[in-house]
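Peer 1: Quick one, work_23.txt (compact mmCIF, C-alpha atoms and all ligand atoms):
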# COMPACT_ATOMS: atom_id res chain seq x y z
CA MET O 21 193.62 82.19 124.07
CA LYS O 22 196.13 81.00 126.64
CA LYS O 23 199.14 79.23 125.11
CA ILE O 24 199.35 75.62 126.04
CA SER O 25 202.86 74.74 126.98
CA ILE O 26 204.10 71.26 126.39
CA ASP O 27 206.48 69.88 128.93
CA LEU O 28 208.75 67.71 126.86
CA GLU O 29 211.22 67.16 129.68
CA ASN O 30 208.58 65.75 131.92
CA THR O 31 207.24 63.06 129.68
CA GLU O 32 207.91 59.54 130.57
CA ASN O 33 208.09 58.13 127.05
CA LYS O 34 210.74 60.40 125.69
CA ARG O 35 212.77 58.32 123.28
CA ASP O 36 214.40 58.71 119.93
CA VAL O 37 212.82 55.65 118.43
CA ILE O 38 209.10 55.52 118.91
CA PRO O 39 207.32 52.19 119.37
CA ILE O 40 205.60 50.62 116.35
CA VAL O 41 202.24 51.38 117.94
CA ASN O 42 202.17 54.82 119.53
CA SER O 43 199.13 57.07 119.78
CA TYR O 44 198.19 59.41 122.59
CA ASN O 45 196.06 62.05 120.93
CA GLU O 46 194.35 63.12 117.71
CA TRP O 47 197.00 65.48 116.40
CA ASP O 48 200.61 64.32 116.65
CA PRO O 49 202.10 63.72 113.18
CA LEU O 50 200.49 60.60 111.77
CA GLU O 51 202.95 58.01 110.47
CA GLU O 52 200.90 54.85 110.12
CA VAL O 53 197.20 54.15 110.03
CA ILE O 54 194.75 51.32 109.40
CA VAL O 55 191.97 52.11 106.93
CA GLY O 56 188.93 49.82 106.87
CA VAL O 57 187.56 47.79 103.97
CA ILE O 58 183.90 47.65 102.92
CA GLU O 59 183.78 44.41 100.90
CA GLY O 60 181.65 41.65 102.35
CA ALA O 61 179.53 44.03 104.47
CA SER O 62 176.35 42.52 105.89
CA VAL O 63 173.23 44.34 107.07
CA PRO O 64 173.08 43.82 110.85
CA SER O 65 170.03 41.85 111.86
CA TRP O 66 167.19 43.49 113.70
CA HIS O 67 167.59 43.70 117.47
CA ILE O 68 166.61 46.06 120.26
CA SER O 69 170.20 47.37 120.32
CA LEU O 70 169.77 48.65 116.76
CA LYS O 71 166.34 50.04 117.41
CA ALA O 72 167.72 52.31 120.13
CA THR O 73 170.38 53.87 117.92
CA LEU O 74 168.45 54.28 114.67
CA PRO O 75 165.76 56.75 113.70
CA GLU O 76 162.40 55.06 113.27
CA LYS O 77 162.24 55.57 109.52
CA GLN O 78 165.25 53.27 109.11
CA TRP O 79 163.94 50.32 111.13
CA LYS O 80 162.18 48.68 108.21
CA PHE O 81 165.38 48.30 106.21
CA TYR O 82 167.06 46.22 108.93
CA GLN O 83 163.93 44.24 109.63
CA GLU O 84 163.77 43.31 105.97
CA PHE O 85 167.42 42.95 104.97
CA GLY O 86 169.17 41.94 108.22
CA GLY O 87 171.74 39.22 107.55
CA LYS O 88 171.89 40.01 103.82
CA PRO O 89 174.60 41.89 101.90
CA PHE O 90 174.26 45.66 101.47
CA PRO O 91 173.36 46.81 97.93
CA LYS O 92 176.25 46.04 95.60
CA GLU O 93 176.39 49.48 93.94
CA GLN O 94 176.63 51.17 97.34
CA VAL O 95 179.48 48.88 98.40
CA GLU O 96 181.29 49.51 95.12
CA ALA O 97 180.93 53.29 95.43
CA ALA O 98 182.14 53.24 99.05
CA LYS O 99 185.12 51.14 98.02
CA ASN O 100 186.14 53.80 95.49
CA ASP O 101 185.98 56.46 98.18
CA LEU O 102 188.19 54.35 100.44
CA GLU O 103 190.75 53.94 97.67
CA GLU O 104 190.90 57.69 97.22
CA PHE O 105 191.26 58.19 101.00
CA VAL O 106 194.16 55.71 101.04
CA HIS O 107 195.73 57.41 98.04
CA ILE O 108 195.58 60.83 99.73
CA LEU O 109 197.02 59.48 102.98
CA GLU O 110 199.89 57.86 101.13
CA SER O 111 200.64 60.96 99.13
CA GLU O 112 200.78 62.87 102.43
CA GLY O 113 203.45 60.42 103.59
CA VAL O 114 201.36 58.14 105.82
CA ILE O 115 201.80 54.34 105.77
CA VAL O 116 198.39 52.71 105.27
CA ARG O 117 197.49 49.14 106.16
CA ARG O 118 194.24 47.34 105.49
CA PRO O 119 192.39 44.56 107.33
CA ASP O 120 191.38 41.28 105.67
CA VAL O 121 188.52 41.25 103.22
CA MET O 122 186.07 38.73 104.65
CA ASP O 123 182.52 37.70 103.95
CA HIS O 124 180.53 39.01 106.89
CA ASN O 125 177.35 37.32 105.66
CA VAL O 126 178.11 34.21 107.68
CA ALA O 127 175.86 33.05 110.51
CA TYR O 128 177.27 32.30 113.97
CA SER O 129 175.94 31.61 117.41
CA ALA O 130 176.82 31.71 121.08
CA PRO O 131 175.08 30.14 124.09
CA GLY O 132 171.64 31.78 124.14
CA TRP O 133 171.70 33.71 120.87
CA GLN O 134 172.59 33.62 117.21
CA SER O 135 173.31 36.11 114.50
CA PRO O 136 172.69 35.60 110.78
CA GLY O 137 175.83 37.61 110.01
CA GLY O 138 178.33 40.17 111.18
CA LEU O 139 178.63 43.75 109.91
CA TYR O 140 181.90 44.81 108.27
CA ALA O 141 185.54 45.74 108.83
CA ALA O 142 184.97 49.26 107.57
CA MET O 143 185.32 51.18 110.82
CA PRO O 144 188.49 50.17 112.69
CA ARG O 145 187.88 53.11 115.05
CA ASP O 146 184.81 51.36 116.47
CA THR O 147 186.47 48.03 117.13
CA LEU O 148 190.01 48.76 118.26
CA LEU O 149 191.30 51.25 120.79
CA VAL O 150 194.93 52.26 120.55
CA ILE O 151 196.32 53.88 123.68
CA GLY O 152 200.05 54.40 123.74
CA ASP O 153 201.68 51.17 122.59
CA GLU O 154 198.64 49.04 123.34
CA ILE O 155 195.91 47.77 121.01
CA ILE O 156 192.71 46.91 122.86
CA GLU O 157 189.95 44.90 121.20
CA ALA O 158 186.70 46.44 122.41
CA PRO O 159 183.96 44.34 124.02
CA MET O 160 181.31 45.49 121.55
CA ALA O 161 177.65 45.37 122.56
CA TRP O 162 176.13 44.53 119.18
CA ARG O 163 175.82 40.83 118.50
CA ALA O 164 176.49 41.59 114.83
CA ARG O 165 179.91 42.95 115.79
CA TYR O 166 181.04 40.08 118.03
CA PHE O 167 183.82 38.84 115.77
CA GLU O 168 184.60 42.12 114.05
CA SER O 169 188.15 42.33 115.35
CA PHE O 170 189.04 39.07 113.59
CA ALA O 171 189.47 40.89 110.26
CA PHE O 172 192.23 42.89 111.99
CA ARG O 173 194.01 39.97 113.66
CA ARG O 174 196.63 39.57 110.91
CA LEU O 175 197.66 43.19 111.48
CA ILE O 176 197.41 43.01 115.27
CA LYS O 177 199.58 39.89 115.42
CA ASP O 178 202.15 41.61 113.26
CA TYR O 179 202.19 44.71 115.49
CA PHE O 180 202.48 42.44 118.53
CA LYS O 181 205.52 40.73 117.02
CA LYS O 182 207.04 44.17 116.47
CA GLY O 183 206.61 45.09 120.12
CA ALA O 184 203.05 46.38 120.60
CA ARG O 185 200.95 45.32 123.56
CA TRP O 186 197.75 43.47 122.70
CA THR O 187 194.71 43.10 124.93
CA THR O 188 191.21 41.80 124.41
CA ALA O 189 188.78 43.26 126.91
CA PRO O 190 186.70 40.59 128.74
CA LYS O 191 184.68 38.82 126.09
CA PRO O 192 181.06 39.80 126.74
CA GLN O 193 178.38 37.12 126.81
CA LEU O 194 175.82 39.39 125.09
CA SER O 195 173.08 37.33 126.66
CA ASP O 196 169.59 38.77 127.00
CA GLU O 197 170.46 40.21 130.45
CA LEU O 198 172.59 42.85 128.72
CA TYR O 199 169.63 44.43 126.92
CA ASN O 200 166.58 46.32 128.10
CA TYR O 201 164.12 44.65 125.77
CA ASP O 202 161.36 47.08 126.66
CA TYR O 203 163.57 50.09 125.92
CA GLU O 204 161.76 53.17 124.65
CA GLU O 205 163.48 56.39 123.70
CA PRO O 206 163.00 58.89 126.54
CA GLY O 207 161.00 62.00 125.68
CA GLU O 208 162.43 65.53 125.50
CA ASN O 209 162.22 66.29 129.21
CA GLN O 210 162.83 62.80 130.49
CA GLU O 211 166.15 61.64 131.78
CA MET O 212 168.35 59.77 129.29
CA SER O 213 168.33 55.99 129.52
CA TYR O 214 170.21 53.37 127.56
CA VAL O 215 169.32 50.14 125.84
CA ILE O 216 172.14 48.22 127.53
CA THR O 217 172.22 47.28 131.21
CA GLU O 218 175.19 47.03 133.56
CA PHE O 219 175.18 43.23 133.30
CA GLU O 220 178.79 43.10 132.07
CA PRO O 221 181.36 45.56 130.72
CA THR O 222 180.80 46.63 127.11
CA PHE O 223 182.13 49.49 125.04
CA ASP O 224 182.89 50.49 121.49
CA ALA O 225 186.33 52.01 121.03
CA ALA O 226 184.82 55.00 119.19
CA ASP O 227 183.04 56.19 122.33
CA PHE O 228 186.48 57.23 123.64
CA ILE O 229 188.68 60.04 122.39
CA LYS O 230 192.20 60.80 123.58
CA CYS O 231 193.86 64.05 124.63
CA GLY O 232 197.08 62.71 126.13
CA ARG O 233 196.61 61.77 129.77
CA ASP O 234 192.99 62.82 129.59
CA ILE O 235 190.58 60.54 127.79
CA PHE O 236 186.96 61.50 127.15
CA VAL O 237 184.10 59.05 126.86
CA GLN O 238 180.35 59.17 126.43
CA LYS O 239 177.93 56.67 127.88
CA SER O 240 175.95 55.28 124.98
CA HIS O 241 173.75 52.49 123.72
CA VAL O 242 176.92 50.41 123.38
CA THR O 243 179.14 51.74 126.19
CA ASN O 244 178.09 51.22 129.80
CA GLU O 245 179.65 52.36 133.09
CA PHE O 246 180.94 48.87 133.73
CA GLY O 247 182.88 49.08 130.46
CA ILE O 248 184.23 52.54 131.28
CA ASN O 249 185.32 51.31 134.71
CA TRP O 250 187.00 48.29 133.21
CA LEU O 251 189.09 50.54 130.98
CA ARG O 252 189.79 52.97 133.81
CA ARG O 253 191.21 50.24 136.02
CA HIS O 254 193.02 48.62 133.12
CA LEU O 255 194.82 51.86 132.19
CA GLY O 256 195.64 52.80 135.78
CA ASP O 257 196.82 56.15 137.16
CA LYS O 258 198.63 57.24 134.03
CA TYR O 259 195.30 58.28 132.49
CA ARG O 260 192.21 60.15 133.62
CA ILE O 261 188.95 59.10 132.02
CA HIS O 262 186.25 61.78 132.00
CA ILE O 263 182.63 61.02 131.23
CA LEU O 264 181.25 63.70 128.94
CA GLU O 265 177.60 64.66 129.05
CA VAL O 266 176.25 64.45 125.53
CA ASN O 267 172.74 65.46 124.55
CA ASP O 268 171.92 62.70 122.08
CA ARG O 269 168.99 60.28 122.17
CA HIS O 270 170.83 57.82 119.91
CA PRO O 271 174.37 57.96 121.29
CA MET O 272 176.87 55.63 119.69
CA HIS O 273 180.42 56.89 119.09
CA ILE O 274 181.60 60.26 120.33
CA ASP O 275 183.37 61.40 117.15
CA ALA O 276 180.44 63.21 115.54
CA SER O 277 179.85 65.17 118.75
CA PHE O 278 183.21 65.97 120.32
CA MET O 279 186.45 66.20 118.34
CA PRO O 280 189.62 67.65 119.87
CA LEU O 281 191.68 68.68 116.80
CA ALA O 282 194.92 70.05 118.23
CA PRO O 283 196.11 71.47 121.55
CA GLY O 284 193.84 74.46 122.11
CA LYS O 285 191.42 73.57 119.30
CA LEU O 286 188.14 71.80 119.89
CA LEU O 287 185.47 70.96 117.32
CA LEU O 288 182.00 70.52 118.81
CA ASN O 289 178.49 69.64 117.82
CA ALA O 290 176.50 72.51 119.33
CA ARG O 291 173.31 70.48 119.61
CA ARG O 292 174.95 67.71 121.54
CA VAL O 293 177.61 69.23 123.76
CA LEU O 294 175.70 71.73 125.83
CA LYS O 295 178.23 72.02 128.64
CA ILE O 296 181.91 72.24 127.72
CA PRO O 297 184.02 70.75 130.50
CA GLY O 298 185.77 73.50 132.48
CA MET O 299 189.19 72.10 131.62
CA PHE O 300 188.73 73.37 128.04
CA LYS O 301 188.19 76.96 129.11
CA SER O 302 191.42 78.18 127.53
CA TRP O 303 190.74 76.29 124.27
CA ASP O 304 189.22 77.80 121.16
CA VAL O 305 185.96 76.13 120.22
CA LEU O 306 184.61 75.69 116.71
CA TYR O 307 180.99 74.60 116.42
CA ALA O 308 180.52 72.41 113.38
CA PRO O 309 178.37 74.14 110.76
CA GLU O 310 175.28 72.38 109.43
CA PRO O 311 176.20 69.42 107.22
CA CYS O 312 175.91 69.94 103.43
CA ILE O 313 175.11 66.31 102.58
CA PRO O 314 171.73 66.20 100.80
CA GLN O 315 168.85 64.93 102.93
CA SER O 316 168.07 62.40 100.22
CA HIS O 317 171.48 60.70 100.57
CA THR O 318 171.20 57.26 102.18
CA LEU O 319 172.92 57.11 105.56
CA TYR O 320 172.94 53.84 107.48
CA MET O 321 173.64 53.95 111.21
CA THR O 322 174.60 57.62 111.34
CA SER O 323 173.27 61.16 111.30
CA PRO O 324 174.60 63.75 108.80
CA TRP O 325 176.88 65.12 111.55
CA ILE O 326 179.72 63.00 110.25
CA ASN O 327 180.74 66.19 108.45
CA MET O 328 182.75 66.79 111.65
CA ASN O 329 184.22 63.27 111.66
CA VAL O 330 187.55 64.50 110.31
CA LEU O 331 191.04 63.04 110.57
CA MET O 332 194.00 65.13 111.68
CA LEU O 333 197.34 64.30 110.03
CA ASP O 334 199.16 66.70 112.36
CA HIS O 335 198.36 69.99 114.13
CA GLU O 336 197.24 71.54 110.83
CA ARG O 337 196.45 69.12 108.05
CA VAL O 338 192.94 67.74 108.25
CA ILE O 339 191.06 65.45 105.86
CA VAL O 340 187.53 66.68 105.13
CA GLU O 341 184.73 65.55 102.83
CA LYS O 342 185.04 67.24 99.46
CA ASN O 343 181.43 68.43 99.25
CA GLU O 344 181.26 69.66 102.84
CA GLU O 345 182.09 73.22 101.93
CA SER O 346 180.84 74.88 105.10
CA ILE O 347 183.01 72.88 107.50
CA THR O 348 185.97 73.08 105.12
CA LYS O 349 185.76 76.86 105.22
CA ALA O 350 185.25 76.91 108.97
CA LEU O 351 188.29 74.70 109.57
CA LYS O 352 190.39 76.93 107.35
CA ASN O 353 189.33 79.97 109.35
CA PHE O 354 190.18 78.00 112.48
CA GLY O 355 193.80 77.92 111.32
CA LEU O 356 193.85 74.43 109.79
CA LYS O 357 194.77 73.17 106.33
CA PRO O 358 191.89 71.09 104.97
CA ILE O 359 192.62 68.36 102.42
CA PRO O 360 189.43 67.47 100.54
CA CYS O 361 188.60 63.85 99.75
CA PRO O 362 185.39 62.52 98.18
CA PHE O 363 183.77 60.30 100.81
CA VAL O 364 180.03 60.71 100.59
CA ASN O 365 179.54 57.18 99.30
CA PHE O 366 181.50 55.78 102.19
CA ASN O 367 179.49 58.01 104.56
CA THR O 368 176.48 55.91 103.56
CA PHE O 369 177.83 53.11 105.74
CA GLY O 370 177.80 55.10 108.96
CA GLY O 371 180.97 57.10 109.34
CA SER O 372 183.62 59.28 107.84
CA PHE O 373 187.41 59.62 107.94
CA HIS O 374 187.80 59.28 111.70
CA CYS O 375 185.64 56.16 111.90
CA ALA O 376 187.21 54.60 108.81
CA SER O 377 190.73 54.87 110.21
CA LEU O 378 192.70 53.88 113.28
CA ASP O 379 195.90 55.64 114.27
CA ILE O 380 198.66 53.13 114.70
CA ARG O 381 201.54 55.51 115.12
CA ARG O 382 201.76 59.22 115.70
CA ARG O 383 205.09 60.85 116.38
CA GLY O 384 204.70 62.14 119.92
CA VAL O 385 204.75 61.32 123.60
CA LEU O 386 202.31 61.04 126.47
CA GLN O 387 201.64 64.40 128.03
CA SER O 388 199.06 66.47 129.79
CA TYR O 389 197.31 69.24 127.88
CA PHE O 390 195.31 70.55 130.81
N1 LIG Q 401 176.59 58.39 116.16
C1 LIG Q 401 177.12 59.40 115.30
C2 LIG Q 401 175.99 60.18 114.65
O1 LIG Q 401 175.01 59.60 114.28
C3 LIG Q 401 178.00 58.83 114.23
C4 LIG Q 401 179.32 58.38 114.75
C5 LIG Q 401 180.06 57.58 113.76
N2 LIG Q 401 181.31 57.22 114.33
C6 LIG Q 401 181.91 56.05 114.18
N3 LIG Q 401 183.07 55.90 114.80
N4 LIG Q 401 181.38 55.05 113.55
O2 LIG Q 401 176.08 61.36 114.46
Just give me the structure as structure tokens.

Peer 2:
Amino acid sequence: MKKISIDLENTENKRDVIPIVNSYNEWDPLEEVIVGVIEGASVPSWHISLKATLPEKQWKFYQEFGGKPFPKEQVEAAKNDLEEFVHILESEGVIVRRPDVMDHNVAYSAPGWQSPGGLYAAMPRDTLLVIGDEIIEAPMAWRARYFESFAFRRLIKDYFKKGARWTTAPKPQLSDELYNYDYEEPGENQEMSYVITEFEPTFDAADFIKCGRDIFVQKSHVTNEFGINWLRRHLGDKYRIHILEVNDRHPMHIDASFMPLAPGKLLLNARRVLKIPGMFKSWDVLYAPEPCIPQSHTLYMTSPWINMNVLMLDHERVIVEKNEESITKALKNFGLKPIPCPFVNFNTFGGSFHCASLDIRRRGVLQSYF
């Protein structure tokens, strides 16, 4: 493969002291991270926006339990996994901060709609987008996630006081105009369509992934073009946002489909990324092996492909699920150093290490890798 040279002289943020919030990619040495909490999680109530992202066999659960707490034993088990994840991060020298534990089983309403509860503060990656020294609260499209960023406000205010920039994207109305209420999943040969309209900008932070000046995004059932364009204009010429074509009938969050791991190393879901963008032609590609997680394991709001939802601590160290032997081996052969962590009980709630964390500070500068 072609060596990717890094032009340190030509970077505009070259300084000795890095800002408190500083993240431009997935692989610079991780110094500080937010890890979510699972306590107080509430089953999101049934809505067309859930229907579009979930396989049919799961619908009944939300129809029946929407607005109620998730099963206690599952929450407890996920909490233990999170503690172990935090412990591993800390022993690898990373500072870990946690959002507030809140009861998400609290009803709220807005003009035109109401929600019997929220969801959780388990997946900071979904809610908050860190780009450089800025924290952006995403305009999330699920009504059950409208106030999700509030659990992180204590931390965000603190980072702001220490110099970070803080932005909330335009607060969406989430009125009925945003949703295609007659949405049906398109068939195999039909063109992809989405459950949300272009009524107003919406996106989840986890539909974006950063490679320095180049940021990749997928259109999804929560991220529309209006949302992508809002971010594009907000970030300005310093960044280039590329829309990635992803073959997924239930798209929501790019990080179980497309995971840049280090300069020159790309982890892909072979079923979903059928065309690799030309700019990656000199990169080595690893296709994620089939997940090992048993079919019988309960997974809310995700497919088993979260085996590839790994977290890079630097160019080499990568946190992987302890039982996911096939991807662990593959990552090792790809030149990385996997650190196993039990996380299957957290996986139940819809994500893995990448979703459950949010880079606050990585030691590095803004640069171009292409
Ligand atoms: N939609 C992905 C899948 O089902 C899961 C992505 C989870 N990511 C996250 N940031 N919550 O494969």

Peer 1: Residues at most 6 Å from region 160-173 of chain O, counting only C-alpha atoms, excluding those fewer than 6 positions away in the same chain, as a PyMOL selection string?

Peer 2: chain O and resi 64+119-120+138-139+222-224+242

Peer 1: Please report, as CSV, each residue of chain O lying at most 7 Å from ligand LIG 401 (chain Q), together with the nearest pair of atoms and the separation in Å rounded to one decimal; use all atoms listed in the file, and order rows by chain and ascending residue number.

Peer 2:
residue,atom,partner,partner_atom,distance
O:Met143,CA,Q:LIG401,N4,6.2
O:Arg145,CA,Q:LIG401,N3,5.6
O:Asp146,CA,Q:LIG401,N3,5.1
O:Ala226,CA,Q:LIG401,N3,4.8
O:His270,CA,Q:LIG401,N1,6.9
O:Pro271,CA,Q:LIG401,N1,5.6
O:Met272,CA,Q:LIG401,N1,4.5
O:His273,CA,Q:LIG401,C4,4.7
O:Ile274,CA,Q:LIG401,C4,6.3
O:Asp275,CA,Q:LIG401,N2,5.4
O:Ala276,CA,Q:LIG401,O2,4.9
O:Ser277,CA,Q:LIG401,O2,6.9
O:Met321,CA,Q:LIG401,O1,6.6
O:Thr322,CA,Q:LIG401,O1,3.6
O:Ser323,CA,Q:LIG401,O1,3.8
O:Pro324,CA,Q:LIG401,O2,6.3
O:Trp325,CA,Q:LIG401,O2,4.8
O:Ile326,CA,Q:LIG401,O2,5.8
O:Gly370,CA,Q:LIG401,N4,5.8
O:Gly371,CA,Q:LIG401,C5,4.5
O:His374,CA,Q:LIG401,N3,6.6
O:Cys375,CA,Q:LIG401,N3,3.9

Peer 1: Can you tell me, as number ranges by chain, what residues are no more than 12 Å from Glu208 (chain O) when counting only C-alpha atoms, ignoring any on the same chain fewer than 5 positions away?

Peer 2: O: 213, 267-269

Peer 1: Kindly indicate which residue among O:Leu194, O:Val266, O:Ala189, O:Met332 lies nearest to Leu50 (chain O), using only C-alpha atoms for the distances.

Peer 2: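 Closest candidate: O:Met332.
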
Peer 1: Output as a Markdown table one row per residue of region 177-198 of chain O within 10 Å of region 128-132 of chain O: the closest atom pair and its distance in Å to one decimal place, counting all atoms listed in the file, sorted by chain and residue number ascending.

Peer 2:
| residue | atom | partner | partner_atom | distance |
| --- | --- | --- | --- | --- |
| O:Gln193 | CA | O:Ala130 | CA | 8.0 |
| O:Leu194 | CA | O:Ala130 | CA | 8.7 |
| O:Ser195 | CA | O:Gly132 | CA | 6.3 |
| O:Asp196 | CA | O:Gly132 | CA | 7.8 |

Peer 1: Record the distance separating CA of Phe363 (chain O) and CA of Gly86 (chain O), expressed in Å with one decimal.

Peer 2: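 The value is 24.6 Å.
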
Peer 1: Here is a test: counting all atoms listed in the file, which residue of O:Ile248, O:Pro362, O:Trp66, O:Met299 is nearest to Trp79 (chain O)?

Peer 2: O:Trp66

Peer 1: Can you pull out the residues contacting Phe236 (chain O)? Cut-off 6 Å, using only C-alpha atoms, and skip same-chain residues under 2 positions away; I want them as an mmCIF file with C-alpha atoms, in the coordinates of the input.

Peer 2:
data_model
loop_
_atom_site.group_PDB
_atom_site.id
_atom_site.type_symbol
_atom_site.label_atom_id
_atom_site.label_comp_id
_atom_site.auth_asym_id
_atom_site.auth_seq_id
_atom_site.Cartn_x
_atom_site.Cartn_y
_atom_site.Cartn_z
ATOM 1 C CA PHE O 228 186.480 57.230 123.640
ATOM 2 C CA ILE O 229 188.680 60.040 122.390
ATOM 3 C CA ILE O 261 188.950 59.100 132.020
ATOM 4 C CA HIS O 262 186.250 61.780 132.000
ATOM 5 C CA ILE O 263 182.630 61.020 131.230
#

Peer 1: Compile the contact shell of Phe354 (chain O) as a PyMOL selection string: residues with an atom at most 12 Å away, counting all atoms listed in the file, same-chain residues fewer than 2 positions apart removed.

Peer 2: chain O and resi 281-282+284-287+303-308+335-338+347-352+356-358

Peer 1: Step by step, gather every atom of region 198-212 of chain O that the file lists, find the box along x, y and z that holds them, add 8 Å on each side, and finally give centre and edge lengths in Å to one decimal, as lines of an AutoDock Vina configuration file.

Peer 2:
center_x = 166.8
center_y = 54.6
center_z = 127.7
size_x = 27.6
size_y = 39.4
size_z = 24.1

Peer 1: So how many Å separate CA of Ala225 (chain O) and CA of Ser65 (chain O), to one decimal?

Peer 2: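 Value for the CA of Ala225 (chain O)-CA of Ser65 (chain O) distance: 21.3 Å.
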
Peer 1: Give the answer as one residue: which of O:Ser346, O:Phe278, O:Tyr389, O:Tyr201 has the shortest atom-to-atom distance to Lys295 (chain O), using all atoms listed in the file?

Peer 2: O:Phe278
